[in-house]
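K.L.:
Before I ask anything, let me first share the structure, which is written out below as structure tokens.
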Amino acid sequence: MGSAFPRLHVITDARPGRDALGVVAAAVAAATGTPDTLAVQVRVEDDVTDRAAYEFGLAVARICRPAGVMVLVNDRLDVAVAVDADGAHVGADDLPVAAARGVLGPAAVLGATCREPVSARAAVAAGATYLGVGPAFQTSTKAGLPAPLGAPGIGAVAGAVESTPVIAIGGVDVDAVGELRAAGAYGVAVVGALAHSANPQAATSALLKALA
Ligand SMILES: Cc1ncc(COP(=O)(O)OP(=O)(O)O)c(N)n1
Ligand SMILES: Cc1ncsc1CCOP(=O)(O)O
Ligand SMILES: [Mg+2]
């Protein structure tokens, strides 16, 4: 893994019947030569067993590690440790940020979901190294979310935390990257933009180019 924090976070599509590993392999192939531009976040459905999540995380790590691509694990810190991931991502229903930092240790990458400046500053103070902020726009891959923040809402959080990278998530496609970056987002996280693409490698290349 290189020294720069990745601007593109590809999150595995947790829905049944999806070729999640195929998308990961395509994304990693698109990042050949620039591995530190990409992170892959292992995200599974809540009802997936820890054993299955672990096996899936190992399979993702086997694709990412040889290529030098960062691996993060959503929610399940034990799985993150067990597969020797670079870090993890937590939200409101997961371990608190300070507790997650305690589990992962000082060197790990730790992301926290935030939607507004006050909780964003608190997450950084508690040990978050990046923030996942959204939904930026309407999304079809996660239900029950609050109203979209739009680029201005993303920018409000980015302005509140200054040097902590803000990763915009939710309904993000390549056409939205410029607007989100202009608002202050450091990078973006995507599920559907790749999972719904007929050519996830080309879609990743386009996102990486827009983020460069
Ligand atoms: C980069 C990034 N941002 C936000 C999220 C969402 O995390 P969370 O709010 O805990 O929701 P779930 O993903 O666990 O359903 C994320 N995973 N990654
Ligand atoms: C996990 C998560 N949190 C907010 S939106 C989302 C899913 C990703 O959104 P999209 O599929 O629209 O990229
Ligand atoms: Mg979560």
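Quick note on naming: the chains in the structure tokens go A, B, ... in the order shown, residues restart at 1 in each chain, and ligands are numbered from 1 in order of appearance.
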What does the list of residues within 10 Å of ligand 3 look like if you count only C-alpha atoms and all ligand atoms, written as a ChimeraX atom specification?
P.N.:
/A:43,46,73-76,88-95,112-113
K.L.:
Pull N, CA and C atoms from the residues just selected and write them as a short mmCIF file (atom, residue, chain, number, x, y, z; two decimals), in the first residue's frame.
P.N.:
data_model
loop_
_atom_site.label_atom_id
_atom_site.label_comp_id
_atom_site.auth_asym_id
_atom_site.auth_seq_id
_atom_site.Cartn_x
_atom_site.Cartn_y
_atom_site.Cartn_z
N ARG A 43 -18.25 -5.47 2.78
CA ARG A 43 -19.55 -5.21 3.44
C ARG A 43 -20.49 -6.35 3.09
N ASP A 46 -26.41 -7.99 7.15
CA ASP A 46 -26.37 -8.19 8.61
C ASP A 46 -26.59 -9.65 9.00
N VAL A 73 -12.96 -3.27 6.43
CA VAL A 73 -14.10 -4.13 6.71
C VAL A 73 -15.18 -3.30 7.39
N ASN A 74 -16.39 -3.39 6.88
CA ASN A 74 -17.53 -2.67 7.44
C ASN A 74 -18.07 -3.38 8.68
N ASP A 75 -18.32 -2.65 9.74
CA ASP A 75 -19.05 -3.11 10.93
C ASP A 75 -18.28 -4.10 11.81
N ARG A 76 -17.75 -5.16 11.20
CA ARG A 76 -17.29 -6.33 11.98
C ARG A 76 -15.78 -6.22 12.26
N ALA A 88 -11.19 -0.49 9.29
CA ALA A 88 -12.62 -0.80 9.35
C ALA A 88 -13.44 0.48 9.25
N HIS A 89 -14.74 0.28 9.08
CA HIS A 89 -15.68 1.41 9.02
C HIS A 89 -16.84 1.14 9.98
N VAL A 90 -17.17 2.14 10.81
CA VAL A 90 -18.28 1.99 11.75
C VAL A 90 -19.29 3.13 11.59
N GLY A 91 -20.54 2.79 11.91
CA GLY A 91 -21.62 3.78 11.88
C GLY A 91 -22.39 3.75 13.18
N ALA A 92 -23.58 4.35 13.15
CA ALA A 92 -24.34 4.57 14.39
C ALA A 92 -24.76 3.28 15.08
N ASP A 93 -24.90 2.19 14.35
CA ASP A 93 -25.33 0.93 14.95
C ASP A 93 -24.16 0.02 15.30
N ASP A 94 -22.96 0.51 15.10
CA ASP A 94 -21.76 -0.33 15.32
C ASP A 94 -21.05 0.13 16.60
N LEU A 95 -19.91 -0.45 16.88
CA LEU A 95 -19.15 0.01 18.05
C LEU A 95 -18.86 1.50 17.92
N ALA A 112 -15.70 6.52 9.98
CA ALA A 112 -16.94 6.68 10.74
C ALA A 112 -17.98 7.38 9.86
N THR A 113 -19.21 6.90 9.95
CA THR A 113 -20.29 7.54 9.21
C THR A 113 -20.77 8.78 9.98
#
K.L.:
May I have the residues within 9 Å of ligand 2, computed using only C-alpha atoms and all ligand atoms, as a PyMOL selection string?
P.N.:
chain A and resi 10-11+13+43+113+132-143+145+168-173+188-196
K.L.:
Quick one: everything within 9 Å of Ser205 (chain A), counting only C-alpha atoms, minus sequence neighbours fewer than 4 positions away in the same chain. Send it as a PyMOL selection string.
P.N.:
chain A and resi 27+30-31+200-201+209-210
K.L.:
Rank nothing, just name the residue among A:Ser119, A:Cys114, A:Ala125, A:Arg181 nearest to Leu149 (chain A), using only C-alpha atoms.
P.N.:
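Using only C-alpha atoms, Leu149 (chain A) sits closest to A:Cys114.
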K.L.:
Of the residues A:Gly127, A:Pro106, A:Pro96, A:Gly57, which is the one nearest to ligand 1, using only C-alpha atoms and all ligand atoms?
P.N.:
A:Pro96
K.L.:
As number ranges by chain, list the residues of chain A assigned to strand (DSSP E or B) by DSSP on the backbone atoms of this structure.
P.N.:
A: 8-11, 38-42, 70-74, 87-90, 109-114, 130-133, 166-169, 187-190
K.L.:
Among region 15-206 of chain A, which residues does DSSP mark as alpha helix (DSSP H) when it is run on the backbone? Keep the chain and numbering as in the structure and answer as a ChimeraX atom specification.
P.N.:
/A:20-30,50-67,77-82,97-104,117-126,150-161,177-183,192-195,200-206
